[in-house]
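Have a look at the structure below, then the notes.
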Amino acid sequence: MPVLDEDRLFPVDGHVRGIARRLYHEVRHLPIISPHGHTDPRWFAENEAFPDPAQLFVTPDHYVFRMLHSQGIPLEALGVPRSDGGAVESDPRKIWRLFAQNYHLFRATPSQLWLDHAFENVFGVTERLSLETADSIYDQINLQLTQEEFLPRALFERFGIEALSTTESALDDLRWHKMVRASGWGGRVITTYRPDAVIDPEFEGFAENLRLFGELTGEDTSTWDGYLAAHRNRRAYFRDVGGATASDHGHPSARTEDLPPEAAAALFDKMRTGTFSPEEADAFRGQMLTEMARMSLEDGLVLQIHAGSTRNHAGDVAAQFGRDKGFDIPARTDYVHALRPLLNAVGRAQGLTVIVFTLDESSYARELAPLAGVYPALKLGPPWWFHDSYEGMMRFREMTTETAGFYNTVGFNDDTRAFCSIPARHDVARRVDCAYLAGLVATGRLDARDAPEVAYDLSYGLAKKAYRL
Amino acid sequence: MPVLDEDRLFPVDGHVRGIARRLYHEVRHLPIISPHGHTDPRWFAENEAFPDPAQLFVTPDHYVFRMLHSQGIPLEALGVPRSDGGAVESDPRKIWRLFAQNYHLFRATPSQLWLDHAFENVFGVTERLSLETADSIYDQINLQLTQEEFLPRALFERFGIEALSTTESALDDLRWHKMVRASGWGGRVITTYRPDAVIDPEFEGFAENLRLFGELTGEDTSTWDGYLAAHRNRRAYFRDVGGATASDHGHPSARTEDLPPEAAAALFDKMRTGTFSPEEADAFRGQMLTEMARMSLEDGLVLQIHAGSTRNHAGDVAAQFGRDKGFDIPARTDYVHALRPLLNAVGRAQGLTVIVFTLDESSYARELAPLAGVYPALKLGPPWWFHDSYEGMMRFREMTTETAGFYNTVGFNDDTRAFCSIPARHDVARRVDCAYLAGLVATGRLDARDAPEVAYDLSYGLAKKAYRL
Amino acid sequence: MPVLDEDRLFPVDGHVRGIARRLYHEVRHLPIISPHGHTDPRWFAENEAFPDPAQLFVTPDHYVFRMLHSQGIPLEALGVPRSDGGAVESDPRKIWRLFAQNYHLFRATPSQLWLDHAFENVFGVTERLSLETADSIYDQINLQLTQEEFLPRALFERFGIEALSTTESALDDLRWHKMVRASGWGGRVITTYRPDAVIDPEFEGFAENLRLFGELTGEDTSTWDGYLAAHRNRRAYFRDVGGATASDHGHPSARTEDLPPEAAAALFDKMRTGTFSPEEADAFRGQMLTEMARMSLEDGLVLQIHAGSTRNHAGDVAAQFGRDKGFDIPARTDYVHALRPLLNAVGRAQGLTVIVFTLDESSYARELAPLAGVYPALKLGPPWWFHDSYEGMMRFREMTTETAGFYNTVGFNDDTRAFCSIPARHDVARRVDCAYLAGLVATGRLDARDAPEVAYDLSYGLAKKAYRL
């Protein structure tokens, strides 16, 4: 019995499964467009071997260590580095065994699908992971990691990646991207402009970030106009040097504002001098989304909004381990009122693409599909984070398609730090979309003659077009 | 390959599909009860031919033009009239071609089902609409429009409509309804009392509307008592002259109030003189829902509440094109606290029917089914607007039936301006309900012997009873 | 045609149904763990016959009388006792007939499944309930009620109950639990510590309750320290005398607080003296959840939070009939911000179990699964109240499993006052879980070899472990 079911995620009815299989057959080997994610460009710049199975699959993957932690396993035991210098487990085999021993926790989760897929398809593992098989699988993977064909660039090619976007802070010097380009290697690895550190006044070190932002761009970031000019400058740098076609913004809410210039300048002054209320900080972030949208009209970068995560829910984890340690929790998020200022300003402009993501599925049918189904500039990003799963994707399609159609969505994002999961994630998305389309065909809601084109668009065409890749 | 699948919307499993088919066979030809909608009574009064395919299917249908606009097509190019007198496309064939060329945008949307159904069943079209077939289908439809059997009354009869409610402002003179009645034609076209223009102090021209309301009713609408008397008077007019059995209220929220008479009178005074805050306007609308419910106890009109739409989201569209142009977006809506004053006042009264509609599906299982499952006066309206679709109807049943049962729901509303879509919409509703019931039977949740009665009630009986038709 | 379908609630596809059947076959006869509910311990203490069918099935079951009332049947006609002494129907046969005549209202509701199951499996009824069969079924049940094998203890044993928790107020003397223990009967009936009456300052008679609380515990409940000591004392009493392994808290919101001791003491003083705002009362309830969690760390009681019900929505019903009369309506509930103080205080502590229940399904995937999927102390309670149903359970699994897995959930609670429904409810839960698991297996999301273990855990193992039974 192989670990992966060849027909996984397909409808159970034989007839509908047949439709899904045929659709999937046409798209399964299409190149991968990965227009948003968090892989490390250094991998492709240096092309060095990944260190060991634990560091490849456990320690950096918040999906994995959060689930293990939820059952009482300390983050330290999983080798998650402490930002305060505290000791953590450093023996990768020990970490791997602990992971393997608790692999049952991942039953029916997307992590299990991704991991099993990577074990089997990338490393040729044919046994199920468990305490019994932990060591042999560790050895099997570990041995391969140093081989030429398992180096980052070789995997990139083997995965069939046509374009891969990473995400860098506006303060990043893009050295790894430059190194990739200078290397002569043909893989298309591009950056994304992520200016949270210089837009969110509540970001750690905001004042210092602003100073550095001025230094990097040669603009006077102590004035509103200079600050905007710095963004323009840096966006151009990201586009020209890093190949960026998009910016990305991770805000606690989807709030936007469209203040008159003087009011915006006055608000910026409060941010700059650190004399602001939480409400004013929120307003400023909202103003900057609209400013970014206006710059997008000039320079063509696609604007992505990832809103609605309550970051660092556990204060002690944030203090000891830093950001992105599994304690970011979605919260209810309004889009109708929040996006109105931005949409009233530029939502009907030609040539602008704003892609909005949500962690609040209750907004799919109620707010986001109706908005994307009428504003020319607005498109719906794919199911994000906790919703990047079979059920999450099905709910997304079922709750958005009838109002927004397919052509106001933008294909799939893997949004991952886990490089080896990229083929797995795209495979899951393609399977689920084909399963969904097969259901539509079988119930007379989609013409069988149109389904292959839609499958192609969802798997490949829409991402390429929406992200201008 | 015909455009419509004979088994569309039925379950895919052969056994369950068989159950659905048999249930549907019993209800598919039942007369249509259309107790709420927005067709134009003038059509039935004058019985003139519809002008052309574009004006029949594209220009007045906000489902259609909003989707086309979402992909960058200007509303002007679709012939949507500008309220500011700006020029718009006037060649119906050009509009039709643009529509046909972009017909793929409607894949898997309810609009496609409705349009295909009308093309095929009303006009005998057997090809799929596309740029290639645009002209021939245009000609085929256009030719028929002038024929006797395609005039509004003939279609009304051919559609098997037993009763059709339109919706008129409280200030309407009901001339078309009078003309229908005077004509001797047997079709039952009745009105609905929609007093938003004289209840919502934020409605355009509210002060003038109040004055006119006084003039029409001979009551002194500058006093609270006179204002209430004017409503009583006008409700009687709508009932006696227009055959109304219901009133309808489109409010931004479901808020209700039950103020002491003096407080209500004082609040009315603020509305009348235009010296109110938004909060006070909202309170007044809420007070009026309870007043309307009290009048319903007297005169037997069914009270409909359509709450939760954020109207005119795009300010420039509202300014250039006016209301109802696709930019009305649902928002989160509370019912538990909002309806409490009204329900505490009259929710357990005998003889009252309050039908509540929502655009916020998260309230189905959490709020609306529990409320309708205990308050005798409260019933659940069918899935509304963006949720009037296969998935929307399935979610409605799945999220309300277990708590509210079938008998606290009221059958189907087509709620449409698109006359030719009426049979299509009722057909979709009947199919989906039969599909849902078949699933219940197949999983032992509904006795097979009870299912036909329930199918009949959902398709016909409940609407007739709830709306007193 | 039997009333109950042998394959009820299983997937319709033959192959998947086969998987579900095989899984169910392994768990259907497992003992029942009922770790949370509202049966009356007096039944097991006195072991007297249940009075009549109406008092067994209609009058005390709010699911039943609320649905009947929603169609206009007065609560009085169903024998629901008036707390104001007003007259109510006292003829059980009349009540039964009214119930039977309206049994169609329960089509496709969980109540119908539970009732039919109890009629058939407990009392051997083989006809469907209707007006025609009302009398014969009444007689059949009534006759058996006085027989030895239908007394509470005999039914308890026949139902295969391994442990049954009731819920008592902190002010209860636990006399019935003592009597059960003293009787020598082997059935395990334990209590749960429910201190709402002495924690919620808005509870009827709070000041008097506090006084009594001091008297019962010998602590000075006029001081914060004495009040806390009284809780410690009473928790020990419930644990030692009533076998409690858990406490339970029914709050309007999930709000928690973690105030410094002086601030908490000052807040308590306001509660004690009745000089508080609603906001302060809410803060105090929130503070007490964190205090209870801290005591749980000491004494090992599991902490249950049942939040989000708007109690006594209809004021007149509350006045005439008292609490729990079907007019408790869920409302939107936030967990992310609400639980943060408690989780930051003790959410990562070893040895603590906090089980959270919700009536707001929109929080499953968005808030609760992400929280339970990372905080070691937090577990998800099963679908509660209106969501204790086929669709409710399916949605729970579909919306929580991918993020929280199975092992951050705690099995099933029947949470019932209706003793005869206990086997029915656990049977429904086991069937739905097996149906869900079968779907996972058939779509390659769960290894067929793991499914039986998961089915066992969901049906039995998790409840036993989570509740320390």
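Chain identifiers are assigned as A, B, and so on, following the order in which chains appear in the structure tokens; residues are numbered from 1 within each chain, and ligands are numbered from 1 in order of appearance.
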In range 354-432 of chain A, what's strand (DSSP E) per DSSP? Answer as a list in words? Val354, Ile355, Val356, Phe357, Leu378, Lys379 and Leu380 of chain A
Now that the selection is made, can you save its residues with N, CA and C atoms as a short mmCIF file (atom, residue, chain, number, x, y, z; two decimals), in the first residue's frame?
data_model
loop_
_atom_site.label_atom_id
_atom_site.label_comp_id
_atom_site.auth_asym_id
_atom_site.auth_seq_id
_atom_site.Cartn_x
_atom_site.Cartn_y
_atom_site.Cartn_z
N VAL A 354 -5.34 44.80 -7.49
CA VAL A 354 -5.24 44.66 -6.03
C VAL A 354 -5.73 43.27 -5.69
N ILE A 355 -4.87 42.47 -5.04
CA ILE A 355 -5.25 41.10 -4.67
C ILE A 355 -5.43 41.04 -3.16
N VAL A 356 -6.61 40.67 -2.75
CA VAL A 356 -6.88 40.66 -1.31
C VAL A 356 -7.01 39.22 -0.83
N PHE A 357 -6.38 38.96 0.31
CA PHE A 357 -6.41 37.64 0.96
C PHE A 357 -7.14 37.78 2.29
N LEU A 378 -10.08 44.87 -8.31
CA LEU A 378 -9.98 43.93 -7.18
C LEU A 378 -10.05 42.48 -7.63
N LYS A 379 -9.09 41.68 -7.13
CA LYS A 379 -9.11 40.25 -7.40
C LYS A 379 -8.98 39.50 -6.07
N LEU A 380 -9.46 38.27 -6.05
CA LEU A 380 -9.41 37.47 -4.82
C LEU A 380 -8.18 36.57 -4.82
#
Find the nearest atom pair between each residue of chain B and chain C for residues within 9 Å, count only C-alpha atoms, give distances in Å to one decimal, sort rows by chain and ascending number, and present the table as CSV.
residue,atom,partner,partner_atom,distance
B:Asp13,CA,C:Asp13,CA,6.5
B:Gly14,CA,C:Asp13,CA,8.9
B:His15,CA,C:Val12,CA,8.3
B:Val16,CA,C:Val12,CA,7.5
B:Asp334,CA,C:Arg332,CA,8.0
B:Tyr335,CA,C:Ala331,CA,8.5
B:Val336,CA,C:Ala331,CA,6.4
B:His337,CA,C:Ala331,CA,8.3
B:Arg340,CA,C:His313,CA,6.9
B:Leu343,CA,C:Ala314,CA,7.4
B:Asn344,CA,C:Ala314,CA,5.6
B:Gly347,CA,C:Ala314,CA,8.7
B:Arg348,CA,C:Gly72,CA,7.8
B:Ala349,CA,C:Gly72,CA,8.6
B:Gln350,CA,C:Gly72,CA,7.0
B:Ser362,CA,C:Ser362,CA,6.4
B:Ser363,CA,C:Arg332,CA,8.5
B:Ala365,CA,C:Phe386,CA,7.8
B:Arg366,CA,C:Pro330,CA,5.6
B:Glu367,CA,C:Pro330,CA,5.9
B:Pro370,CA,C:Ile329,CA,6.1
B:Leu371,CA,C:Ile329,CA,6.8
B:Ala372,CA,C:Ser70,CA,6.8
B:Gly373,CA,C:Ser70,CA,5.4
B:Val374,CA,C:Ser70,CA,4.2
B:Tyr375,CA,C:Ser70,CA,4.9
B:Pro376,CA,C:Ser70,CA,4.2
B:Ala377,CA,C:Ser70,CA,7.6
B:Leu378,CA,C:Ser70,CA,8.0
B:Glu398,CA,C:Glu391,CA,6.5
B:Met399,CA,C:Glu391,CA,7.4
B:Thr401,CA,C:Thr109,CA,6.7
B:Glu402,CA,C:Thr109,CA,4.2
B:Thr403,CA,C:Phe386,CA,6.3
B:Ala404,CA,C:Met67,CA,7.2
B:Gly405,CA,C:Phe106,CA,6.2
B:Phe406,CA,C:Leu105,CA,7.1
B:Tyr407,CA,C:Leu105,CA,6.4
B:Asn408,CA,C:Ser70,CA,7.5
B:Gly439,CA,C:Val12,CA,8.1
B:Leu440,CA,C:Ala108,CA,7.1
B:Ala442,CA,C:Val12,CA,6.6
B:Thr443,CA,C:Arg8,CA,4.8
B:Gly444,CA,C:Arg8,CA,4.4
B:Arg445,CA,C:Ala108,CA,5.2
B:Leu446,CA,C:Ala108,CA,5.4
B:Asp447,CA,C:Val3,CA,7.9
B:Asp450,CA,C:Arg107,CA,8.4
Considering only C-alpha atoms, return as a list of chain:residue names whatever protein or nucleic-acid residues lie within 9 Å of Trp114 in chain C, sequence-local ones (same chain, fewer than 5 positions apart) excluded.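 Within the cut-off, the hits are C:Phe119, C:Cys420, C:Ser421, C:Ile422, C:Pro423, C:Ala424, C:Arg425, C:Val428.
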Taking only range 131-224 of chain B into account, list the residues labelled helix (DSSP H, G or I) by DSSP (computed from the backbone), as number ranges by chain. B: 134-145, 148-150, 152-158, 175-183, 196-199, 206-217, 224
So that I have them on file, write out the residues from the current selection with N, CA and C atoms, as a short mmCIF file (atom, residue, chain, number, x, y, z; two decimals), in the first residue's frame.
data_model
loop_
_atom_site.label_atom_id
_atom_site.label_comp_id
_atom_site.auth_asym_id
_atom_site.auth_seq_id
_atom_site.Cartn_x
_atom_site.Cartn_y
_atom_site.Cartn_z
N ALA B 134 -23.39 35.15 -31.43
CA ALA B 134 -24.05 36.33 -30.89
C ALA B 134 -25.12 36.86 -31.84
N ASP B 135 -24.75 37.05 -33.07
CA ASP B 135 -25.69 37.68 -34.01
C ASP B 135 -26.90 36.80 -34.30
N SER B 136 -26.64 35.52 -34.50
CA SER B 136 -27.78 34.67 -34.85
C SER B 136 -28.74 34.54 -33.66
N ILE B 137 -28.18 34.47 -32.47
CA ILE B 137 -29.07 34.38 -31.30
C ILE B 137 -29.81 35.70 -31.10
N TYR B 138 -29.10 36.79 -31.31
CA TYR B 138 -29.74 38.10 -31.22
C TYR B 138 -30.95 38.15 -32.16
N ASP B 139 -30.72 37.76 -33.38
CA ASP B 139 -31.80 37.82 -34.38
C ASP B 139 -32.95 36.90 -33.99
N GLN B 140 -32.59 35.72 -33.55
CA GLN B 140 -33.62 34.74 -33.18
C GLN B 140 -34.53 35.28 -32.07
N ILE B 141 -33.90 35.88 -31.04
CA ILE B 141 -34.69 36.42 -29.93
C ILE B 141 -35.47 37.65 -30.40
N ASN B 142 -34.76 38.53 -31.09
CA ASN B 142 -35.35 39.80 -31.48
C ASN B 142 -36.61 39.62 -32.33
N LEU B 143 -36.53 38.66 -33.20
CA LEU B 143 -37.64 38.37 -34.09
C LEU B 143 -38.89 37.97 -33.31
N GLN B 144 -38.67 37.18 -32.29
CA GLN B 144 -39.80 36.67 -31.53
C GLN B 144 -40.44 37.73 -30.63
N LEU B 145 -39.63 38.70 -30.19
CA LEU B 145 -40.11 39.64 -29.19
C LEU B 145 -41.40 40.35 -29.60
N GLU B 148 -47.04 37.96 -30.80
CA GLU B 148 -48.10 37.94 -29.79
C GLU B 148 -47.73 37.09 -28.56
N GLU B 149 -47.22 35.90 -28.83
CA GLU B 149 -46.99 34.98 -27.69
C GLU B 149 -45.76 35.33 -26.86
N PHE B 150 -45.08 36.43 -27.24
CA PHE B 150 -43.95 36.88 -26.42
C PHE B 150 -44.22 38.20 -25.72
N PRO B 152 -45.76 40.49 -22.71
CA PRO B 152 -45.67 40.22 -21.27
C PRO B 152 -46.78 39.32 -20.73
N ARG B 153 -48.03 39.60 -21.09
CA ARG B 153 -49.11 38.79 -20.52
C ARG B 153 -49.06 37.34 -21.00
N ALA B 154 -48.70 37.19 -22.27
CA ALA B 154 -48.62 35.82 -22.80
C ALA B 154 -47.51 35.05 -22.09
N LEU B 155 -46.40 35.72 -21.89
CA LEU B 155 -45.30 35.04 -21.19
C LEU B 155 -45.71 34.71 -19.75
N PHE B 156 -46.36 35.65 -19.10
CA PHE B 156 -46.85 35.45 -17.74
C PHE B 156 -47.66 34.16 -17.66
N GLU B 157 -48.55 33.99 -18.63
CA GLU B 157 -49.39 32.80 -18.63
C GLU B 157 -48.59 31.54 -18.96
N ARG B 158 -47.73 31.69 -19.96
CA ARG B 158 -46.92 30.55 -20.36
C ARG B 158 -45.98 30.10 -19.22
N ARG B 175 -50.78 53.28 -10.62
CA ARG B 175 -51.56 53.40 -11.85
C ARG B 175 -51.51 52.14 -12.70
N TRP B 176 -50.33 51.51 -12.76
CA TRP B 176 -50.22 50.33 -13.63
C TRP B 176 -51.01 49.16 -13.05
N HIS B 177 -50.98 49.08 -11.73
CA HIS B 177 -51.78 48.02 -11.11
C HIS B 177 -53.27 48.24 -11.36
N LYS B 178 -53.66 49.49 -11.26
CA LYS B 178 -55.08 49.78 -11.55
C LYS B 178 -55.41 49.41 -12.99
N MET B 179 -54.49 49.74 -13.89
CA MET B 179 -54.71 49.47 -15.31
C MET B 179 -54.79 47.96 -15.57
N VAL B 180 -53.93 47.19 -14.89
CA VAL B 180 -54.01 45.73 -15.03
C VAL B 180 -55.39 45.24 -14.59
N ARG B 181 -55.84 45.72 -13.44
CA ARG B 181 -57.13 45.28 -12.91
C ARG B 181 -58.28 45.68 -13.81
N ALA B 182 -58.15 46.90 -14.34
CA ALA B 182 -59.23 47.41 -15.20
C ALA B 182 -59.27 46.71 -16.55
N SER B 183 -58.17 46.09 -16.89
CA SER B 183 -58.06 45.53 -18.25
C SER B 183 -58.91 44.29 -18.46
N ASP B 196 -39.70 52.76 2.17
CA ASP B 196 -38.37 53.28 2.53
C ASP B 196 -38.26 54.79 2.30
N ALA B 197 -38.85 55.28 1.21
CA ALA B 197 -38.69 56.70 0.86
C ALA B 197 -39.31 57.63 1.89
N VAL B 198 -40.27 57.11 2.67
CA VAL B 198 -40.89 57.96 3.70
C VAL B 198 -40.58 57.47 5.11
N ILE B 199 -39.71 56.46 5.22
CA ILE B 199 -39.31 55.96 6.54
C ILE B 199 -37.85 56.23 6.81
N PHE B 206 -36.13 63.14 1.43
CA PHE B 206 -37.02 62.66 2.48
C PHE B 206 -38.08 63.71 2.88
N ALA B 207 -37.67 64.96 3.05
CA ALA B 207 -38.60 65.99 3.50
C ALA B 207 -39.73 66.18 2.48
N GLU B 208 -39.32 66.26 1.24
CA GLU B 208 -40.31 66.39 0.17
C GLU B 208 -41.21 65.15 0.11
N ASN B 209 -40.59 63.99 0.31
CA ASN B 209 -41.37 62.75 0.31
C ASN B 209 -42.45 62.78 1.39
N LEU B 210 -42.07 63.28 2.57
CA LEU B 210 -43.01 63.36 3.68
C LEU B 210 -44.20 64.24 3.31
N ARG B 211 -43.87 65.36 2.69
CA ARG B 211 -44.91 66.29 2.29
C ARG B 211 -45.88 65.63 1.31
N LEU B 212 -45.31 64.97 0.33
CA LEU B 212 -46.11 64.28 -0.68
C LEU B 212 -46.95 63.17 -0.05
N PHE B 213 -46.35 62.50 0.92
CA PHE B 213 -47.02 61.42 1.64
C PHE B 213 -48.28 61.96 2.32
N GLY B 214 -48.16 63.16 2.90
CA GLY B 214 -49.31 63.80 3.53
C GLY B 214 -50.38 64.15 2.50
N GLU B 215 -49.92 64.65 1.38
CA GLU B 215 -50.83 65.05 0.32
C GLU B 215 -51.61 63.84 -0.21
N LEU B 216 -50.89 62.75 -0.44
CA LEU B 216 -51.52 61.55 -0.99
C LEU B 216 -52.55 60.95 -0.04
N THR B 217 -52.28 61.08 1.25
CA THR B 217 -53.12 60.38 2.23
C THR B 217 -54.10 61.31 2.92
N TRP B 224 -46.39 63.07 14.55
CA TRP B 224 -46.15 61.63 14.69
C TRP B 224 -47.44 60.85 14.46
#
Which residues are near Ala281 in chain A? Cut-off 9 Å, only C-alpha atoms, ignore same chain within fewer than 4 positions. Put them as number ranges by chain. A: 200-202, 267, 270-271, 276-277, 285-286
Using Å and a single decimal, report how far CA of Ala318 in chain B sits from CA of Arg82 in chain B.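 CA of Ala318 in chain B lies 9.7 Å from CA of Arg82 in chain B.
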Which residue of A:Ala229, A:Ala254, A:Leu301, A:Asp415 approaches Leu368 in chain A most closely, using only C-alpha atoms: A:Ala254
For CA of Thr400 in chain A and CA of Arg430 in chain A, the interatomic separation in Å (one decimal):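 Between CA of Thr400 in chain A and CA of Arg430 in chain A the gap works out to 17.3 Å.
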